[in-house]
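Asker: Before we start, here is the structure in question, set down as structure tokens.
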Amino acid sequence: MAGLDLSSIATVVEGLVLLDTVRFTTPGGGKPVFDPDTGLYTTPEGDAIYEGPGAVQASGTPGGVTSLPVANLPWGDETRSRYRALTPLAAPIAERDTLVTVVAVHAGGDLTLIGRQWRAQDPSVGGTLGVLRITGLDQIQQTRQAGT
């Protein structure tokens with residue numbers, strides 16, 4: 001008995017949903033380096049494992065945001081922001097801690113997504129009847145530059 005072939009549906013869904021360009025990179029190795037121009041520590045970039053069509057969407061509601069404890073602080077200073085990346089099934093599986101960056105958006109898309117980064121919380125989801133690859137993400141907290 002032949003299984004259900006969803007390849008035609010996957011092509012349609014990809015064309016309707018995967019309108020932006022996303023990049024998946026491995027976490028960079030080495031210690032963070034201080035950048036005197038920005039006053040921030042930067043981590044060396046890892047290797048790109050995918051760059052192509054994709055989408056990043058909020059997963060759930062803002063009420064799902066929880067605080068993460070930070071060592072040596074009596075309060076949580078970062079939140080866990082639930083997002084998901086959508087990519088074609090042909091895209092590689094993102095391992096835990098893979099960095100996801102939006103590098104381009106479609107015409108009329110949200111320009112504030114460009115350059116934002118997320119960290120994969122778990123390996124990409126797989127399933128028998130999938131038409132897109134789904135990866136659970138946590139947004140990397142952004143810092144505002146002085147005067148912006």
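Each chain of the structure tokens is named A, B, ... in the order shown, its residues numbered from 1; ligands are numbered from 1 in display order.
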Can you pull out the residues contacting A:Pro123? Cut-off 6 Å, using only C-alpha atoms, and skip same-chain residues under 5 positions away; I want them as a PyMOL selection string.
Answerer: chain A and resi 94-96
Asker: Keeping N, CA and C atoms, export the residues of the selection given above as a PDB file, in the first residue's frame.
Answerer:
```
ATOM      1  N   ALA A  94      18.153  21.538  12.385  1.00  0.00           N
ATOM      2  CA  ALA A  94      18.910  22.430  13.263  1.00  0.00           C
ATOM      3  C   ALA A  94      19.081  21.744  14.611  1.00  0.00           C
ATOM      4  N   GLU A  95      20.307  21.614  15.059  1.00  0.00           N
ATOM      5  CA  GLU A  95      20.567  21.033  16.376  1.00  0.00           C
ATOM      6  C   GLU A  95      20.320  22.084  17.450  1.00  0.00           C
ATOM      7  N   ARG A  96      20.258  21.664  18.691  1.00  0.00           N
ATOM      8  CA  ARG A  96      20.086  22.585  19.807  1.00  0.00           C
ATOM      9  C   ARG A  96      21.192  23.646  19.775  1.00  0.00           C
TER      10      ARG A  96
END
```
Asker: As an MDAnalysis selection string, please: the residues near A:Gln121 (cut-off 8 Å, only C-alpha atoms, same-chain neighbours under 4 positions excluded).
Answerer: chainID A and resid 96:97 135:138
Asker: Could the residues in this selection be saved with all heavy atoms as a PDB file, in the first residue's frame?
Answerer:
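Everything below was put into again_10.pdb:
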```
ATOM      1  N   ARG A  96      20.258  21.664  18.691  1.00  0.00           N
ATOM      2  CA  ARG A  96      20.086  22.585  19.807  1.00  0.00           C
ATOM      3  C   ARG A  96      21.192  23.646  19.775  1.00  0.00           C
ATOM      4  O   ARG A  96      22.336  23.342  19.458  1.00  0.00           O
ATOM      5  CB  ARG A  96      20.144  21.812  21.123  1.00  0.00           C
ATOM      6  CG  ARG A  96      19.938  22.680  22.334  1.00  0.00           C
ATOM      7  CD  ARG A  96      19.889  21.825  23.603  1.00  0.00           C
ATOM      8  NE  ARG A  96      19.845  22.648  24.774  1.00  0.00           N
ATOM      9  CZ  ARG A  96      18.745  23.188  25.281  1.00  0.00           C
ATOM     10  NH1 ARG A  96      17.597  22.967  24.691  1.00  0.00           N
ATOM     11  NH2 ARG A  96      18.788  23.940  26.355  1.00  0.00           N
ATOM     12  N   ASP A  97      20.839  24.893  20.060  1.00  0.00           N
ATOM     13  CA  ASP A  97      21.733  26.058  20.100  1.00  0.00           C
ATOM     14  C   ASP A  97      22.150  26.584  18.737  1.00  0.00           C
ATOM     15  O   ASP A  97      22.959  27.492  18.658  1.00  0.00           O
ATOM     16  CB  ASP A  97      22.969  25.801  20.966  1.00  0.00           C
ATOM     17  CG  ASP A  97      22.605  25.609  22.428  1.00  0.00           C
ATOM     18  OD1 ASP A  97      21.622  26.233  22.876  1.00  0.00           O
ATOM     19  OD2 ASP A  97      23.292  24.843  23.116  1.00  0.00           O
ATOM     20  N   THR A 135      11.229  24.426  13.669  1.00  0.00           N
ATOM     21  CA  THR A 135      12.269  24.462  14.698  1.00  0.00           C
ATOM     22  C   THR A 135      11.839  25.434  15.790  1.00  0.00           C
ATOM     23  O   THR A 135      11.573  26.597  15.519  1.00  0.00           O
ATOM     24  CB  THR A 135      13.609  24.943  14.093  1.00  0.00           C
ATOM     25  OG1 THR A 135      13.946  24.095  12.993  1.00  0.00           O
ATOM     26  CG2 THR A 135      14.720  24.891  15.126  1.00  0.00           C
ATOM     27  N   GLY A 136      11.763  24.948  17.022  1.00  0.00           N
ATOM     28  CA  GLY A 136      11.414  25.794  18.159  1.00  0.00           C
ATOM     29  C   GLY A 136      12.569  26.730  18.487  1.00  0.00           C
ATOM     30  O   GLY A 136      13.728  26.310  18.533  1.00  0.00           O
ATOM     31  N   LEU A 137      12.255  28.015  18.712  1.00  0.00           N
ATOM     32  CA  LEU A 137      13.291  29.032  18.920  1.00  0.00           C
ATOM     33  C   LEU A 137      13.050  29.828  20.200  1.00  0.00           C
ATOM     34  O   LEU A 137      11.921  29.983  20.649  1.00  0.00           O
ATOM     35  CB  LEU A 137      13.304  30.025  17.753  1.00  0.00           C
ATOM     36  CG  LEU A 137      13.497  29.487  16.348  1.00  0.00           C
ATOM     37  CD1 LEU A 137      13.354  30.622  15.338  1.00  0.00           C
ATOM     38  CD2 LEU A 137      14.833  28.794  16.213  1.00  0.00           C
ATOM     39  N   ASP A 138      14.142  30.375  20.726  1.00  0.00           N
ATOM     40  CA  ASP A 138      14.110  31.333  21.820  1.00  0.00           C
ATOM     41  C   ASP A 138      14.848  32.563  21.314  1.00  0.00           C
ATOM     42  O   ASP A 138      15.998  32.461  20.868  1.00  0.00           O
ATOM     43  CB  ASP A 138      14.808  30.760  23.055  1.00  0.00           C
ATOM     44  CG  ASP A 138      14.848  31.722  24.220  1.00  0.00           C
ATOM     45  OD1 ASP A 138      13.992  32.622  24.296  1.00  0.00           O
ATOM     46  OD2 ASP A 138      15.751  31.580  25.071  1.00  0.00           O
TER      47      ASP A 138
END
```
Asker: In terms of the shortest atom-to-atom distance over only C-alpha atoms, which of A:Pro44, A:Leu89, A:Leu18, A:Val56 is closest to A:Gly130?
Answerer: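 Nearest to A:Gly130: A:Leu89.
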Asker: Check the DSSP output for the backbone and give back, as a list in words, the residues of stretch 80-114 of chain A in strand (DSSP E or B).
Answerer: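 Secondary structure check on stretch 80-114 of chain A, strand (DSSP E or B): Arg80, Arg82, Tyr83, Arg84, Ala85, Leu86, Thr87, Leu99, Val100, Thr101, Val102, Val103, Ala104 and Ile114 of chain A.
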Asker: Name the residues in contact with A:Gly30 at a cut-off of 12 Å, using only C-alpha atoms, excluding same-chain residues fewer than 5 positions from it; report them as a short mmCIF file (atom, residue, chain, number, x, y, z; two decimals) with N, CA, C and O atoms, in the first residue's frame.
Answerer:
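Dumped everything to around23.cif:
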```cif
data_model
loop_
_atom_site.label_atom_id
_atom_site.label_comp_id
_atom_site.auth_asym_id
_atom_site.auth_seq_id
_atom_site.Cartn_x
_atom_site.Cartn_y
_atom_site.Cartn_z
N THR A 42 31.46 40.04 21.80
CA THR A 42 30.94 39.30 20.65
C THR A 42 31.58 37.93 20.61
O THR A 42 32.74 37.76 20.97
N THR A 43 30.80 36.96 20.18
CA THR A 43 31.29 35.60 20.06
C THR A 43 31.62 35.34 18.60
O THR A 43 30.86 35.76 17.72
N PRO A 44 32.75 34.69 18.33
CA PRO A 44 33.08 34.38 16.93
C PRO A 44 31.93 33.63 16.26
O PRO A 44 31.27 32.81 16.89
N GLU A 45 31.70 33.93 14.99
CA GLU A 45 30.61 33.28 14.27
C GLU A 45 30.96 31.84 13.93
O GLU A 45 32.11 31.51 13.70
N GLY A 46 29.93 31.02 13.90
CA GLY A 46 30.11 29.62 13.52
C GLY A 46 29.93 29.44 12.03
O GLY A 46 29.89 30.41 11.26
#
```
Asker: In Å, rounded to a single decimal, give me how far atom CA of A:Val17 is from atom CA of A:Thr87.
Answerer: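 Atom CA of A:Val17 lies 9.1 Å from atom CA of A:Thr87.
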Asker: When you count only C-alpha atoms, which of these residues is closest to A:Tyr50: A:Gly127, A:Ile140, A:Arg23, A:Ser7?
Answerer: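 Smallest distance to A:Tyr50 is found for A:Arg23.
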Asker: Excluding A:Thr98 and any residue of its chain fewer than 4 positions from it, enumerate the residues within 9 Å of it, using only C-alpha atoms, and give them as number ranges by chain.
Answerer: A: 24-27, 94, 118-123
Asker: Store the residues of this selection in a file with all heavy atoms, as a compact mmCIF listing (two decimals), in the first residue's frame.
Answerer:
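Listing of out25.txt after writing:
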```txt
# COMPACT_ATOMS: atom_id res chain seq x y z
N PHE A 24 20.89 29.68 9.15
CA PHE A 24 21.17 28.85 10.33
C PHE A 24 22.68 28.71 10.44
O PHE A 24 23.33 28.33 9.46
CB PHE A 24 20.57 27.45 10.18
CG PHE A 24 19.06 27.37 10.34
CD1 PHE A 24 18.24 28.45 10.07
CD2 PHE A 24 18.48 26.20 10.75
CE1 PHE A 24 16.86 28.36 10.22
CE2 PHE A 24 17.11 26.09 10.90
CZ PHE A 24 16.30 27.17 10.64
N THR A 25 23.24 29.00 11.61
CA THR A 25 24.68 28.84 11.82
C THR A 25 24.92 28.07 13.11
O THR A 25 24.13 28.14 14.05
CB THR A 25 25.41 30.20 11.91
OG1 THR A 25 24.82 30.99 12.94
CG2 THR A 25 25.33 30.96 10.60
N THR A 26 26.03 27.36 13.12
CA THR A 26 26.42 26.66 14.34
C THR A 26 26.93 27.71 15.33
O THR A 26 27.40 28.77 14.93
CB THR A 26 27.53 25.64 14.06
OG1 THR A 26 28.66 26.33 13.51
CG2 THR A 26 27.07 24.56 13.10
N PRO A 27 26.85 27.42 16.63
CA PRO A 27 27.40 28.38 17.59
C PRO A 27 28.90 28.52 17.37
O PRO A 27 29.59 27.54 17.09
CB PRO A 27 27.11 27.74 18.95
CG PRO A 27 26.11 26.67 18.70
CD PRO A 27 26.25 26.27 17.26
N ALA A 94 18.15 21.54 12.38
CA ALA A 94 18.91 22.43 13.26
C ALA A 94 19.08 21.74 14.61
O ALA A 94 18.10 21.33 15.22
CB ALA A 94 18.17 23.75 13.44
N TRP A 118 17.71 34.21 16.90
CA TRP A 118 17.06 33.27 17.80
C TRP A 118 17.99 32.08 17.97
O TRP A 118 18.85 31.82 17.14
CB TRP A 118 15.73 32.80 17.22
CG TRP A 118 14.69 33.86 17.14
CD1 TRP A 118 13.69 34.10 18.04
CD2 TRP A 118 14.50 34.82 16.11
NE1 TRP A 118 12.92 35.15 17.63
CE2 TRP A 118 13.40 35.61 16.44
CE3 TRP A 118 15.18 35.12 14.93
CZ2 TRP A 118 12.93 36.66 15.66
CZ3 TRP A 118 14.73 36.16 14.14
CH2 TRP A 118 13.62 36.92 14.50
N ARG A 119 17.79 31.34 19.04
CA ARG A 119 18.57 30.13 19.31
C ARG A 119 17.61 28.94 19.31
O ARG A 119 16.55 29.00 19.94
CB ARG A 119 19.25 30.25 20.68
CG ARG A 119 20.11 29.05 21.04
CD ARG A 119 20.92 29.31 22.29
NE ARG A 119 22.05 30.16 21.96
CZ ARG A 119 22.23 31.40 22.42
NH1 ARG A 119 21.37 31.94 23.25
NH2 ARG A 119 23.28 32.10 22.07
N ALA A 120 17.98 27.88 18.57
CA ALA A 120 17.14 26.68 18.53
C ALA A 120 17.12 26.05 19.92
O ALA A 120 18.16 25.85 20.54
CB ALA A 120 17.69 25.69 17.51
N GLN A 121 15.92 25.75 20.41
CA GLN A 121 15.77 25.17 21.73
C GLN A 121 15.97 23.66 21.71
O GLN A 121 16.41 23.08 22.69
CB GLN A 121 14.38 25.48 22.28
CG GLN A 121 14.17 26.95 22.52
CD GLN A 121 12.76 27.25 22.95
OE1 GLN A 121 11.80 26.68 22.42
NE2 GLN A 121 12.62 28.14 23.90
N ASP A 122 15.62 23.03 20.62
CA ASP A 122 15.72 21.58 20.45
C ASP A 122 15.96 21.31 18.97
O ASP A 122 15.78 22.19 18.14
CB ASP A 122 14.40 20.90 20.86
CG ASP A 122 14.14 21.01 22.34
OD1 ASP A 122 15.02 20.60 23.12
OD2 ASP A 122 13.07 21.50 22.73
N PRO A 123 16.34 20.07 18.64
CA PRO A 123 16.47 19.75 17.22
C PRO A 123 15.14 19.99 16.50
O PRO A 123 14.07 19.91 17.11
CB PRO A 123 16.84 18.27 17.22
CG PRO A 123 17.50 18.06 18.54
CD PRO A 123 16.76 18.97 19.49
```
Asker: So that I can see what lies close to stretch 112-116 of chain A, please list as a count of residues only the residues with an atom at most 12 Å from it, counting only C-alpha atoms and leaving out residues fewer than 3 positions away in the same chain.
Answerer: 25
Asker: Could you jot down the atom CA of A:Ser124 to atom CA of A:Ile93 separation for me, Å, one decimal place?
Answerer: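 Those two atoms sit 5.3 Å apart.
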Asker: Work out how far apart atom CA of A:Arg82 and atom CA of A:Pro32 are and give it in Å to one decimal.
Answerer: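 Taking atom CA of A:Arg82 and atom CA of A:Pro32, their separation equals 25.6 Å.
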Asker: Excluding same-chain residues fewer than 6 positions from A:Ala91, what lies within 10 Å of it counting only C-alpha atoms, as number ranges by chain?
Answerer: A: 24, 49-54, 132-133
Asker: Keeping only all heavy atoms, write those residues as a tab-separated table (two decimals), in the first residue's frame.
Answerer:
```tsv
chain	number	residue	atom	x	y	z
A	24	PHE	N	20.89	29.68	9.15
A	24	PHE	CA	21.17	28.85	10.33
A	24	PHE	C	22.68	28.71	10.44
A	24	PHE	O	23.33	28.33	9.46
A	24	PHE	CB	20.57	27.45	10.18
A	24	PHE	CG	19.06	27.37	10.34
A	24	PHE	CD1	18.24	28.45	10.07
A	24	PHE	CD2	18.48	26.20	10.75
A	24	PHE	CE1	16.86	28.36	10.22
A	24	PHE	CE2	17.11	26.09	10.90
A	24	PHE	CZ	16.30	27.17	10.64
A	49	ILE	N	25.00	26.60	8.10
A	49	ILE	CA	24.56	25.27	7.66
A	49	ILE	C	23.35	25.35	6.74
A	49	ILE	O	23.03	24.38	6.06
A	49	ILE	CB	24.26	24.35	8.86
A	49	ILE	CG1	23.19	24.95	9.77
A	49	ILE	CG2	25.52	24.04	9.63
A	49	ILE	CD1	22.71	24.00	10.86
A	50	TYR	N	22.69	26.52	6.70
A	50	TYR	CA	21.56	26.72	5.79
A	50	TYR	C	21.34	28.21	5.61
A	50	TYR	O	21.40	28.98	6.56
A	50	TYR	CB	20.28	26.09	6.36
A	50	TYR	CG	19.05	26.40	5.54
A	50	TYR	CD1	18.82	25.75	4.33
A	50	TYR	CD2	18.13	27.35	5.95
A	50	TYR	CE1	17.70	26.05	3.56
A	50	TYR	CE2	17.00	27.64	5.18
A	50	TYR	CZ	16.79	26.98	4.00
A	50	TYR	OH	15.70	27.28	3.23
A	51	GLU	N	21.10	28.61	4.39
A	51	GLU	CA	20.61	29.95	4.10
A	51	GLU	C	19.67	29.83	2.92
A	51	GLU	O	20.06	29.34	1.85
A	51	GLU	CB	21.73	30.93	3.78
A	51	GLU	CG	21.19	32.33	3.57
A	51	GLU	CD	22.26	33.41	3.54
A	51	GLU	OE1	23.33	33.23	4.16
A	51	GLU	OE2	22.01	34.45	2.89
A	52	GLY	N	18.43	30.22	3.13
A	52	GLY	CA	17.45	30.10	2.08
A	52	GLY	C	16.07	30.49	2.55
A	52	GLY	O	15.92	31.15	3.58
A	53	PRO	N	15.05	30.05	1.81
A	53	PRO	CA	13.69	30.43	2.14
A	53	PRO	C	13.30	29.98	3.54
A	53	PRO	O	13.67	28.88	3.97
A	53	PRO	CB	12.83	29.70	1.10
A	53	PRO	CG	13.77	29.27	0.04
A	53	PRO	CD	15.12	29.16	0.66
A	54	GLY	N	12.57	30.84	4.24
A	54	GLY	CA	12.12	30.50	5.58
A	54	GLY	C	11.19	31.54	6.13
A	54	GLY	O	10.87	32.54	5.48
A	132	LEU	N	6.51	21.16	6.12
A	132	LEU	CA	7.55	22.14	6.43
A	132	LEU	C	8.35	21.62	7.61
A	132	LEU	O	7.84	20.89	8.43
A	132	LEU	CB	6.95	23.50	6.82
A	132	LEU	CG	6.19	24.28	5.77
A	132	LEU	CD1	5.56	25.52	6.40
A	132	LEU	CD2	7.12	24.70	4.65
A	133	ARG	N	9.62	22.05	7.71
A	133	ARG	CA	10.42	21.73	8.88
A	133	ARG	C	10.17	22.82	9.91
A	133	ARG	O	10.24	24.01	9.59
A	133	ARG	CB	11.90	21.65	8.53
A	133	ARG	CG	12.73	21.15	9.70
A	133	ARG	CD	14.14	20.77	9.33
A	133	ARG	NE	14.32	19.95	8.16
A	133	ARG	CZ	14.01	18.64	8.06
A	133	ARG	NH1	13.44	18.03	9.06
A	133	ARG	NH2	14.25	17.98	6.95
```
